There are 2 protein chains.
Amino acid sequence: MSPKITTELLKQLRQVMKSPKYVQEPVQAYIVPSGDAHQSEYIAPCDCRRAFISGFDGSAGTAIITEQHAAMWTDGRYFLQAANQMDNNWTLMKMGLKDTPTQEDWLVSVLPEGSKVGVDPFIIPADQWKRMSKVLRSAGHDLVPIKENLIDTIWTDCPQRPCKPLITLDLNYTGVSWRDKIVALRSKMAERKVLWFVVTALDEVAWLFNLRGSDVEYNPVFFAYAVIGMNTIRLFIDGDRMMDPAVREHLQLDSTLEPEFKIQVMPYGSILTELQAVGASLSPKEKVWLSDKASYALTEAVPKAYQYLTPYTPICIAKAVKNVSETEGMRRAHVKDAVALCELFNWLEKEVPKGTVTEITAADKAEEFRSQQKDFVELSFATISSTGPNGAIIHYKPVPETNRTLSVNEIYLLDSGAQYKDGTTDVTRTMHFGTPSAYEKECFTYVLKGHIAVSAAIFPNGTKGHLLDSFARSALWDCGLDYLHGTGHGVGSFLNVHEGPCGISYKTFADEPLEAGMIVSDEPGYYEDGSFGIRIENVVLVIPAETKYNFKNRGSLTFEPLTLVPIQTKMIDVSLLTQKELNWVNDYHQKCREVIGAELERQGNIRTAWCHCNLRLLGP
Amino acid sequence: MSPKITTELLKQLRQVMKSPKYVQEPVQAYIVPSGDAHQSEYIAPCDCRRAFISGFDGSAGTAIITEQHAAMWTDGRYFLQAANQMDNNWTLMKMGLKDTPTQEDWLVSVLPEGSKVGVDPFIIPADQWKRMSKVLRSAGHDLVPIKENLIDTIWTDCPQRPCKPLITLDLNYTGVSWRDKIVALRSKMAERKVLWFVVTALDEVAWLFNLRGSDVEYNPVFFAYAVIGMNTIRLFIDGDRMMDPAVREHLQLDSTLEPEFKIQVMPYGSILTELQAVGASLSPKEKVWLSDKASYALTEAVPKAYQYLTPYTPICIAKAVKNVSETEGMRRAHVKDAVALCELFNWLEKEVPKGTVTEITAADKAEEFRSQQKDFVELSFATISSTGPNGAIIHYKPVPETNRTLSVNEIYLLDSGAQYKDGTTDVTRTMHFGTPSAYEKECFTYVLKGHIAVSAAIFPNGTKGHLLDSFARSALWDCGLDYLHGTGHGVGSFLNVHEGPCGISYKTFADEPLEAGMIVSDEPGYYEDGSFGIRIENVVLVIPAETKYNFKNRGSLTFEPLTLVPIQTKMIDVSLLTQKELNWVNDYHQKCREVIGAELERQGNIRTAWCHCNLRLLGP
């Protein structure tokens, strides 16, 4: 992969940073955050401004361009990828390493006195604005909102914002109607004494109205905002999608409804002026609830005295705890997904030794098998199909320049998932089609021990996910190995594959306590730069646990794997497993055999022997 | 222990809350924080205002009194104690439980519209002021500073502020002279481009000047502030202690020194006006560095634009990483401490069966043995000597009303420590002088497994202590048991037994990464209300670890126990230990035998057989 040449683009950007046509006063630095106006992690092509200016297209990263410098902050998953994709106009800032400055501190260190730092107020979250603005101000600089996005001014062939048809989800999938969700939301609003709630995250809009879209690849969401009052519902959405009879029926747009459930449909672009109008209409003590990650522009539309900001919205928290219809849907989706992967593995076992399978064809084949399953919609993220040294690039995506042929001599890592109408999957398996080395097996086994330590962990009700992160690392740490990413993320139900408010990470973020019904991934790994990557990932459901003493009736939790895809036993050094770990693997494989075996048979698939082979590990 | 009757006091306080003599406008609530003007955890009797008004005298707790209510926030260590010490005027707010409101949220829920909430600005830390003030303001209330402390106005027999002689520490103890510490501090100030540094924490003043005091029981500190400029040193301290020739010599007060090392001694009470003068003298871009935990009063003395606030000061961080002189001193102190405890245990083994030993006499005896050791100064905290149900009161201190006789039928828990001129100790052992029940042994063994899991943990350089907390709980969690306190705290070197910036806790506070040379406690426990308490605590030193792969040269850390006091083997259910845990116990006891045995012999102490007995555990 050759880096993008950005010299000319940076020159143009530095010109507009001083041009009175776009900025009231010249700005000495311009920040290009990762997200869109909804602070999405996955974004539409028209929002890939940071990739456009730098070449680095990983899912997380912030670019800052000054008159002299161009710097990119990203995390451990992307160090190699960013280094490969950016030319030497750019400095890579490795987040999480001790000596890497924060964006604010770096700005303070490089800016001339009394500088102005510009940013698009729709793209920067309010909490980040606040933090940066404070540090900059205390160093004598100013963070200033630039109404026109400066990247857009130089991006001549910027694609259009997508506006694709919507999918309606009925009660079989969602378990709760959108009306009941509105009622529950209003009761949370009443509890906190707020009059208005602004829905800014795309997956929250989709979840609230039981609608899905395809405006953003991999994430079944659509561009929209909503403003919910105690008696009004306003949905801000563009295009003729509201003309679709199924959508009109679903949202009861043409029915005579109680006024408090009547949805007013408004243009997407009118959110700011409508919100300003709401803000202007408020009396003292009347509040508007927004996520503190909502954009600075929308947050500022409401006078400060009327803002009620929280790190997580009640929708985010309600969405994370899956109801029975949702967990059953997730189970079905994972069974279908496992069938597709077993078919793939069976195919790989036969084809890889011929030397004809590449990272790209393997990924395509995985998509092909998945797409044959019922209610398949699309992939849930770009397939990470990587062999040998490419496996060490944590969020690698094969492209022709880097595409490598799978062989019997290298480890192969496949991290992939799909959106089905009944659920979202995300699974990683690491395998070898020849004979793994002792060192590869050793590392794999430590990762497996970490995976099991989290999956089998028992913990009291109310425990936050970040307290489980070290369990995944302990076996690696004992030998001086580690991995530079978190251990797990929340997973949506036919929604975003990454969602809050829970997760399992060494980073201390304000995660909400784990609750029965939440769904997270469990995915420790180990990466040897230039050699191989290992990761073992299941999606797991938080369930009540049974313990001898039950935490004085506080109750306890553990995980149930929803992913039922066999783990390649030849990668395991059985002598490193405890009896308990050995039993876990055997029990897991027995369940895979029973559930996935039955589904393979039901689907009349007799080709696939892979998951029927002897998976039982014998003790050391 | 009978509760303090507070009806009359609360009535008086509510009167002064409305009295124009003390408040400009009536306040509808008054906050009584735990600390003193230095945000100390342990405080002088004259600062025990929260204990005076409520009766609850634990080391952590905040009281809030409104016209109708009186409420006390404290953490899991003190739930039982606070409930026992407070009368029914008070509502106990159990921090850390899911349904307990924060102080701010509670105030908002009980206050009438537009209320004023008063607090002594010298007692409330700036960060807490900011947080509370923001929430209260957004709910239409006001947090207001009340210059005169309202508790002091009704506390007729309030004791005087102590002003005791100072101890000077030479290089053998400190390893670094106060001049070199000033030089290092000024270099950190230059790095951050600040001109002034305000030392507000008592242990930071003591550490910086290599002085110790005894103004606060258990903590060898003295009431003082310091303001360090790039060319000036101002020490704010009262009394005639600066007349002591040893102190004058130590601080070179009468020498002809380079002006930048000349210490100006000023009255303790003049800090506010001096700091205001510093603030008024600043030009733009000149900064004053304060801890964000410094009092609101001192922080506000510096105009906001000139404040540079950080959670941890450079002194706090430098103090935490012990140099060789300090670690050697800590080792010596722990050897002496172990000798004293072995003598005590030997005595207890003989005396307890006679039925003549109480919690109080056992604590006194422990102090007696310790005081016979060289360079003993005082205890490092109030001895927790508790048997049977008293053991479940986590920070129990025996008093005549609760004093229980030790017997061969109940578990005995002793958490105690001392200040020696060369170091500070803090150790907990739990023991049985008869035959423990299977359940008691089971619980003890889970706690021991947690203790070992932390003590033997290997982790990469840069790991924060809170990531190790769950290791201490895992064995307990598996059986549905837990404990409601953190696992470890930083320990000073002949300084406060609790110090920042590192620790091991499930609470996500902004702890600094662990570094070789830091010293923390490792003290998991289990408490069965009404029955018994178990805790096993060592003080451990962070040291480099050797691992097979060494984290790609990032390096790794582990712990070395400084505490060398045997763990009672009869409390251990050996069948629950892994081979690795069994080896850890055997190795630990072998080291105790070697080091403490040799010192017992050196001291000519042939009475003490306890630590010579067979401590070797045999496998299950």
# chains A, B, ... in the order shown; residues from 1 in each chain; ligands from 1

$ select_by_dssp --residues "region 412-572 of chain A" --states "strand (DSSP E)" --output "PyMOL selection string"
chain A and resi 412-416+418-420+423-424+427-432+459-460+488-490+499-504+519-522+525-528+532-535+538-544+556-561

$ residues_around --residues "region 93-106 of chain A" --least-positions-apart "5" --cutoff "9 Å" --atoms "only C-alpha atoms" --output "list of chain:residue names"
A:Thr62, A:Ile64, A:Ala71, A:Met72, A:Trp73, A:Thr74, A:Asp75, A:Gly76, A:Tyr78, A:Phe79, A:Leu111, A:Arg131, A:Met132, A:Ser133, A:Val135, A:Leu136, A:Leu484, A:Lys507, B:Gly462

$ write_last_selection --atoms "N, CA, C and O atoms" --output "PDB file, in the first residue's frame"
ATOM      1  N   THR A  62      -7.580  11.425  14.472  1.00  0.00           N
ATOM      2  CA  THR A  62      -7.838  12.856  14.353  1.00  0.00           C
ATOM      3  C   THR A  62      -6.620  13.515  13.725  1.00  0.00           C
ATOM      4  O   THR A  62      -5.496  13.286  14.167  1.00  0.00           O
ATOM      5  N   ILE A  64      -4.592  17.021  12.684  1.00  0.00           N
ATOM      6  CA  ILE A  64      -4.476  18.458  12.958  1.00  0.00           C
ATOM      7  C   ILE A  64      -3.417  19.027  12.017  1.00  0.00           C
ATOM      8  O   ILE A  64      -2.305  18.500  11.948  1.00  0.00           O
ATOM      9  N   ALA A  71      -0.319  16.408  11.723  1.00  0.00           N
ATOM     10  CA  ALA A  71      -0.137  15.310  12.671  1.00  0.00           C
ATOM     11  C   ALA A  71      -1.419  14.501  12.781  1.00  0.00           C
ATOM     12  O   ALA A  71      -2.527  15.033  12.617  1.00  0.00           O
ATOM     13  N   MET A  72      -1.255  13.198  13.053  1.00  0.00           N
ATOM     14  CA  MET A  72      -2.394  12.273  13.097  1.00  0.00           C
ATOM     15  C   MET A  72      -2.345  11.477  14.391  1.00  0.00           C
ATOM     16  O   MET A  72      -1.373  10.780  14.649  1.00  0.00           O
ATOM     17  N   TRP A  73      -3.410  11.586  15.190  1.00  0.00           N
ATOM     18  CA  TRP A  73      -3.519  10.788  16.402  1.00  0.00           C
ATOM     19  C   TRP A  73      -4.366   9.546  16.123  1.00  0.00           C
ATOM     20  O   TRP A  73      -5.491   9.671  15.620  1.00  0.00           O
ATOM     21  N   THR A  74      -3.830   8.383  16.424  1.00  0.00           N
ATOM     22  CA  THR A  74      -4.652   7.182  16.328  1.00  0.00           C
ATOM     23  C   THR A  74      -4.176   6.179  17.369  1.00  0.00           C
ATOM     24  O   THR A  74      -3.160   6.392  18.037  1.00  0.00           O
ATOM     25  N   ASP A  75      -4.936   5.088  17.546  1.00  0.00           N
ATOM     26  CA  ASP A  75      -4.612   4.148  18.620  1.00  0.00           C
ATOM     27  C   ASP A  75      -3.907   2.905  18.086  1.00  0.00           C
ATOM     28  O   ASP A  75      -3.731   2.736  16.873  1.00  0.00           O
ATOM     29  N   GLY A  76      -3.504   2.046  19.012  1.00  0.00           N
ATOM     30  CA  GLY A  76      -2.658   0.896  18.713  1.00  0.00           C
ATOM     31  C   GLY A  76      -3.129   0.005  17.574  1.00  0.00           C
ATOM     32  O   GLY A  76      -2.314  -0.607  16.883  1.00  0.00           O
ATOM     33  N   TYR A  78      -4.095   0.897  14.833  1.00  0.00           N
ATOM     34  CA  TYR A  78      -3.841   1.497  13.523  1.00  0.00           C
ATOM     35  C   TYR A  78      -2.435   2.040  13.324  1.00  0.00           C
ATOM     36  O   TYR A  78      -2.187   2.710  12.324  1.00  0.00           O
ATOM     37  N   PHE A  79      -1.512   1.780  14.283  1.00  0.00           N
ATOM     38  CA  PHE A  79      -0.179   2.374  14.144  1.00  0.00           C
ATOM     39  C   PHE A  79       0.460   2.003  12.800  1.00  0.00           C
ATOM     40  O   PHE A  79       0.961   2.865  12.075  1.00  0.00           O
ATOM     41  N   LEU A 111       2.183  25.980  18.508  1.00  0.00           N
ATOM     42  CA  LEU A 111       1.527  27.175  17.970  1.00  0.00           C
ATOM     43  C   LEU A 111       2.241  28.458  18.383  1.00  0.00           C
ATOM     44  O   LEU A 111       2.735  28.555  19.506  1.00  0.00           O
ATOM     45  N   ARG A 131     -13.047  20.415  26.410  1.00  0.00           N
ATOM     46  CA  ARG A 131     -11.734  20.068  26.937  1.00  0.00           C
ATOM     47  C   ARG A 131     -10.629  20.810  26.182  1.00  0.00           C
ATOM     48  O   ARG A 131      -9.747  21.412  26.782  1.00  0.00           O
ATOM     49  N   MET A 132     -10.732  20.780  24.846  1.00  0.00           N
ATOM     50  CA  MET A 132      -9.672  21.408  24.055  1.00  0.00           C
ATOM     51  C   MET A 132      -9.697  22.909  24.230  1.00  0.00           C
ATOM     52  O   MET A 132      -8.659  23.550  24.367  1.00  0.00           O
ATOM     53  N   SER A 133     -10.907  23.445  24.215  1.00  0.00           N
ATOM     54  CA  SER A 133     -11.055  24.885  24.309  1.00  0.00           C
ATOM     55  C   SER A 133     -10.442  25.397  25.602  1.00  0.00           C
ATOM     56  O   SER A 133      -9.751  26.418  25.634  1.00  0.00           O
ATOM     57  N   VAL A 135      -8.013  24.019  27.517  1.00  0.00           N
ATOM     58  CA  VAL A 135      -6.551  23.954  27.522  1.00  0.00           C
ATOM     59  C   VAL A 135      -5.970  25.030  26.612  1.00  0.00           C
ATOM     60  O   VAL A 135      -5.009  25.725  26.969  1.00  0.00           O
ATOM     61  N   LEU A 136      -6.565  25.184  25.431  1.00  0.00           N
ATOM     62  CA  LEU A 136      -6.045  26.184  24.495  1.00  0.00           C
ATOM     63  C   LEU A 136      -6.175  27.587  25.090  1.00  0.00           C
ATOM     64  O   LEU A 136      -5.243  28.383  25.025  1.00  0.00           O
ATOM     65  N   LEU A 484      -2.215  -4.171  22.194  1.00  0.00           N
ATOM     66  CA  LEU A 484      -2.508  -2.745  22.356  1.00  0.00           C
ATOM     67  C   LEU A 484      -3.925  -2.399  21.916  1.00  0.00           C
ATOM     68  O   LEU A 484      -4.136  -1.461  21.157  1.00  0.00           O
ATOM     69  N   LYS A 507      -8.716   0.995  29.024  1.00  0.00           N
ATOM     70  CA  LYS A 507      -8.907   2.441  29.080  1.00  0.00           C
ATOM     71  C   LYS A 507     -10.034   2.718  30.046  1.00  0.00           C
ATOM     72  O   LYS A 507     -11.098   2.111  29.963  1.00  0.00           O
TER      73      LYS A 507
ATOM     74  N   GLY B 462       4.091   0.853  32.820  1.00  0.00           N
ATOM     75  CA  GLY B 462       3.063   1.798  32.407  1.00  0.00           C
ATOM     76  C   GLY B 462       1.665   1.365  32.797  1.00  0.00           C
ATOM     77  O   GLY B 462       0.702   2.080  32.546  1.00  0.00           O
TER      78      GLY B 462
END

$ atom_distance --atom1 "CA of Glu368 (chain B)" --atom2 "CA of His334 (chain B)"
16.2 Å

$ interface_residues --of "chain A" --to "chain B" --cutoff "9 Å" --atoms "only C-alpha atoms" --output "VMD selection string"
chain A and resid 97 to 98 137 to 140 284 to 285 304 to 308 457 to 460 462 466 to 471 473 to 474 477 to 482 506 508 to 510 546 to 552 555 to 556

$ residues_around --residues "Asp522 (chain B)" --least-positions-apart "3" --cutoff "8 Å" --atoms "only C-alpha atoms" --output "list in words"
His451, Val454, Ser455, Thr487, Gly488, His489, Ile504, Ile536, Glu537, Asn538, Val539 and Val540 of chain B

$ write_last_selection --atoms "C-alpha atoms" --output "compact mmCIF listing (two decimals), in the first residue's frame"
# COMPACT_ATOMS: atom_id res chain seq x y z
CA HIS B 451 -3.49 -11.52 47.88
CA VAL B 454 -1.79 -9.34 43.10
CA SER B 455 1.55 -9.89 44.81
CA THR B 487 -7.19 -3.54 47.30
CA GLY B 488 -4.29 -1.22 47.96
CA HIS B 489 -3.03 2.30 48.61
CA ILE B 504 -5.04 -0.64 43.45
CA ILE B 536 -4.40 -10.23 54.57
CA GLU B 537 -2.21 -7.20 53.97
CA ASN B 538 1.40 -6.77 52.98
CA VAL B 539 3.18 -3.61 51.95
CA VAL B 540 4.84 -4.36 48.60

$ residues_around --residues "Glu274 (chain A)" --least-positions-apart "4" --cutoff "10 Å" --atoms "only C-alpha atoms" --output "list in words"
Val227, Arg234, Phe236, Met266, Gly269, Ser270, Val278, Gly279, Ala280 and Ala301 of chain A

$ write_last_selection --atoms "all heavy atoms" --output "PDB file, in the first residue's frame"
ATOM      1  N   VAL A 227     -36.129  14.981  17.626  1.00  0.00           N
ATOM      2  CA  VAL A 227     -36.304  15.784  18.833  1.00  0.00           C
ATOM      3  C   VAL A 227     -37.618  15.346  19.459  1.00  0.00           C
ATOM      4  O   VAL A 227     -38.678  15.449  18.836  1.00  0.00           O
ATOM      5  CB  VAL A 227     -36.313  17.296  18.518  1.00  0.00           C
ATOM      6  CG1 VAL A 227     -36.601  18.100  19.789  1.00  0.00           C
ATOM      7  CG2 VAL A 227     -34.980  17.727  17.913  1.00  0.00           C
ATOM      8  N   ARG A 234     -40.456  14.962  16.596  1.00  0.00           N
ATOM      9  CA  ARG A 234     -40.003  15.518  15.319  1.00  0.00           C
ATOM     10  C   ARG A 234     -38.873  14.663  14.785  1.00  0.00           C
ATOM     11  O   ARG A 234     -37.896  14.410  15.486  1.00  0.00           O
ATOM     12  CB  ARG A 234     -39.505  16.948  15.504  1.00  0.00           C
ATOM     13  CG  ARG A 234     -40.641  17.883  15.850  1.00  0.00           C
ATOM     14  CD  ARG A 234     -40.152  19.302  15.982  1.00  0.00           C
ATOM     15  NE  ARG A 234     -41.147  20.045  16.753  1.00  0.00           N
ATOM     16  CZ  ARG A 234     -40.898  21.162  17.414  1.00  0.00           C
ATOM     17  NH1 ARG A 234     -39.684  21.694  17.388  1.00  0.00           N
ATOM     18  NH2 ARG A 234     -41.847  21.760  18.084  1.00  0.00           N
ATOM     19  N   PHE A 236     -36.147  14.439  11.741  1.00  0.00           N
ATOM     20  CA  PHE A 236     -35.470  15.242  10.705  1.00  0.00           C
ATOM     21  C   PHE A 236     -34.800  14.302   9.732  1.00  0.00           C
ATOM     22  O   PHE A 236     -33.808  13.655  10.070  1.00  0.00           O
ATOM     23  CB  PHE A 236     -34.442  16.179  11.355  1.00  0.00           C
ATOM     24  CG  PHE A 236     -35.067  17.162  12.312  1.00  0.00           C
ATOM     25  CD1 PHE A 236     -35.401  16.779  13.597  1.00  0.00           C
ATOM     26  CD2 PHE A 236     -35.349  18.462  11.911  1.00  0.00           C
ATOM     27  CE1 PHE A 236     -35.992  17.675  14.483  1.00  0.00           C
ATOM     28  CE2 PHE A 236     -35.936  19.368  12.781  1.00  0.00           C
ATOM     29  CZ  PHE A 236     -36.273  18.976  14.074  1.00  0.00           C
ATOM     30  N   MET A 266     -39.533  16.495   9.214  1.00  0.00           N
ATOM     31  CA  MET A 266     -38.919  17.771   8.828  1.00  0.00           C
ATOM     32  C   MET A 266     -37.628  17.517   8.070  1.00  0.00           C
ATOM     33  O   MET A 266     -37.024  16.455   8.219  1.00  0.00           O
ATOM     34  CB  MET A 266     -38.625  18.583  10.079  1.00  0.00           C
ATOM     35  CG  MET A 266     -39.880  18.894  10.874  1.00  0.00           C
ATOM     36  SD  MET A 266     -39.478  19.889  12.304  1.00  0.00           S
ATOM     37  CE  MET A 266     -40.940  20.890  12.389  1.00  0.00           C
ATOM     38  N   GLY A 269     -31.745  19.102   7.277  1.00  0.00           N
ATOM     39  CA  GLY A 269     -30.924  20.294   7.500  1.00  0.00           C
ATOM     40  C   GLY A 269     -31.558  21.326   8.401  1.00  0.00           C
ATOM     41  O   GLY A 269     -30.919  22.315   8.758  1.00  0.00           O
ATOM     42  N   SER A 270     -32.831  21.105   8.811  1.00  0.00           N
ATOM     43  CA  SER A 270     -33.494  22.138   9.610  1.00  0.00           C
ATOM     44  C   SER A 270     -33.310  21.923  11.109  1.00  0.00           C
ATOM     45  O   SER A 270     -33.846  22.674  11.915  1.00  0.00           O
ATOM     46  CB  SER A 270     -34.986  22.192   9.265  1.00  0.00           C
ATOM     47  OG  SER A 270     -35.632  21.003   9.678  1.00  0.00           O
ATOM     48  N   VAL A 278     -36.529  25.801  19.765  1.00  0.00           N
ATOM     49  CA  VAL A 278     -36.877  25.124  21.025  1.00  0.00           C
ATOM     50  C   VAL A 278     -36.156  25.827  22.177  1.00  0.00           C
ATOM     51  O   VAL A 278     -36.756  26.170  23.203  1.00  0.00           O
ATOM     52  CB  VAL A 278     -36.486  23.630  20.978  1.00  0.00           C
ATOM     53  CG1 VAL A 278     -36.464  23.025  22.373  1.00  0.00           C
ATOM     54  CG2 VAL A 278     -37.437  22.851  20.086  1.00  0.00           C
ATOM     55  N   GLY A 279     -34.853  26.075  21.986  1.00  0.00           N
ATOM     56  CA  GLY A 279     -34.047  26.723  23.022  1.00  0.00           C
ATOM     57  C   GLY A 279     -34.616  28.079  23.404  1.00  0.00           C
ATOM     58  O   GLY A 279     -34.686  28.426  24.589  1.00  0.00           O
ATOM     59  N   ALA A 280     -35.056  28.824  22.400  1.00  0.00           N
ATOM     60  CA  ALA A 280     -35.552  30.178  22.654  1.00  0.00           C
ATOM     61  C   ALA A 280     -36.902  30.166  23.371  1.00  0.00           C
ATOM     62  O   ALA A 280     -37.287  31.140  24.006  1.00  0.00           O
ATOM     63  CB  ALA A 280     -35.670  30.934  21.333  1.00  0.00           C
ATOM     64  N   ALA A 301     -26.812  25.276  20.354  1.00  0.00           N
ATOM     65  CA  ALA A 301     -28.104  25.807  19.912  1.00  0.00           C
ATOM     66  C   ALA A 301     -29.050  25.998  21.096  1.00  0.00           C
ATOM     67  O   ALA A 301     -29.996  26.777  21.042  1.00  0.00           O
ATOM     68  CB  ALA A 301     -28.736  24.869  18.881  1.00  0.00           C
TER      69      ALA A 301
END

$ residues_around --residues "Leu282 (chain A)" --least-positions-apart "5" --cutoff "10 Å" --atoms "only C-alpha atoms" --output "MDAnalysis selection string"
chainID A and resid 195 277 287:288 302:303 306

$ select_by_dssp --residues "region 178-223 of chain A" --states "helix (DSSP H, G or I)" --output "list in words"
Trp178, Arg179, Asp180, Lys181, Ile182, Val183, Ala184, Leu185, Arg186, Ser187, Lys188, Met189, Ala190, Glu191, Leu202, Asp203, Glu204, Val205, Ala206, Trp207, Leu208 and Phe209 of chain A

$ write_last_selection --atoms "C-alpha atoms" --output "PDB file, in the first residue's frame"
ATOM      1  CA  TRP A 178     -41.583   2.506  18.737  1.00  0.00           C
ATOM      2  CA  ARG A 179     -44.537   3.950  20.609  1.00  0.00           C
ATOM      3  CA  ASP A 180     -43.625   2.004  23.731  1.00  0.00           C
ATOM      4  CA  LYS A 181     -40.016   3.138  23.333  1.00  0.00           C
ATOM      5  CA  ILE A 182     -41.204   6.762  23.187  1.00  0.00           C
ATOM      6  CA  VAL A 183     -43.307   6.185  26.312  1.00  0.00           C
ATOM      7  CA  ALA A 184     -40.284   4.721  28.147  1.00  0.00           C
ATOM      8  CA  LEU A 185     -38.092   7.598  26.995  1.00  0.00           C
ATOM      9  CA  ARG A 186     -40.604  10.186  28.163  1.00  0.00           C
ATOM     10  CA  SER A 187     -40.760   8.523  31.559  1.00  0.00           C
ATOM     11  CA  LYS A 188     -36.940   8.805  31.833  1.00  0.00           C
ATOM     12  CA  MET A 189     -37.285  12.457  30.780  1.00  0.00           C
ATOM     13  CA  ALA A 190     -39.915  13.032  33.469  1.00  0.00           C
ATOM     14  CA  GLU A 191     -37.641  11.406  36.073  1.00  0.00           C
ATOM     15  CA  LEU A 202     -27.738   7.521  14.057  1.00  0.00           C
ATOM     16  CA  ASP A 203     -28.137   4.127  15.736  1.00  0.00           C
ATOM     17  CA  GLU A 204     -30.263   5.729  18.456  1.00  0.00           C
ATOM     18  CA  VAL A 205     -32.639   7.218  15.879  1.00  0.00           C
ATOM     19  CA  ALA A 206     -32.840   3.842  14.091  1.00  0.00           C
ATOM     20  CA  TRP A 207     -33.420   1.912  17.332  1.00  0.00           C
ATOM     21  CA  LEU A 208     -36.035   4.337  18.649  1.00  0.00           C
ATOM     22  CA  PHE A 209     -38.230   4.141  15.534  1.00  0.00           C
TER      23      PHE A 209
END

$ atom_distance --atom1 "CA of Leu341 (chain A)" --atom2 "CA of Ile519 (chain A)"
20.7 Å

$ residues_around --residues "Val221 (chain B)" --least-positions-apart "3" --cutoff "12 Å" --atoms "only C-alpha atoms" --output "ChimeraX atom specification"
/B:38,40,42-44,162-168,201-218,224-225,237,380,419,492,494-497

$ decode --residues "region 346-381 of chain A" --atoms "C-alpha atoms" --output "short mmCIF file (atom, residue, chain, number, x, y, z; two decimals), in the first residue's frame"
data_model
loop_
_atom_site.label_atom_id
_atom_site.label_comp_id
_atom_site.auth_asym_id
_atom_site.auth_seq_id
_atom_site.Cartn_x
_atom_site.Cartn_y
_atom_site.Cartn_z
CA ASN A 346 -14.08 -26.49 5.14
CA TRP A 347 -13.44 -24.80 1.79
CA LEU A 348 -10.18 -23.22 3.01
CA GLU A 349 -8.87 -26.55 4.32
CA LYS A 350 -9.26 -27.94 0.83
CA GLU A 351 -8.22 -24.91 -1.24
CA VAL A 352 -5.37 -23.28 0.70
CA PRO A 353 -2.85 -26.09 0.07
CA LYS A 354 -3.39 -25.52 -3.68
CA GLY A 355 -1.98 -21.99 -3.29
CA THR A 356 -4.92 -20.34 -5.04
CA VAL A 357 -6.60 -18.55 -2.15
CA THR A 358 -5.69 -14.96 -1.32
CA GLU A 359 -6.75 -12.74 1.54
CA ILE A 360 -9.21 -11.06 -0.81
CA THR A 361 -10.71 -14.23 -2.27
CA ALA A 362 -11.02 -15.73 1.20
CA ALA A 363 -12.87 -12.63 2.39
CA ASP A 364 -15.10 -12.76 -0.70
CA LYS A 365 -15.82 -16.42 -0.12
CA ALA A 366 -16.77 -15.69 3.49
CA GLU A 367 -19.21 -13.05 2.25
CA GLU A 368 -20.57 -15.47 -0.34
CA PHE A 369 -21.32 -18.15 2.26
CA ARG A 370 -22.87 -15.59 4.60
CA SER A 371 -25.00 -14.07 1.86
CA GLN A 372 -26.61 -17.49 1.29
CA GLN A 373 -28.03 -17.42 4.81
CA LYS A 374 -31.59 -16.25 5.47
CA ASP A 375 -32.16 -12.53 6.15
CA PHE A 376 -28.55 -11.63 5.31
CA VAL A 377 -28.32 -7.88 4.73
CA GLU A 378 -24.65 -6.94 4.43
CA LEU A 379 -21.36 -7.33 6.27
CA SER A 380 -21.11 -5.65 9.66
CA PHE A 381 -17.62 -4.25 9.01
#
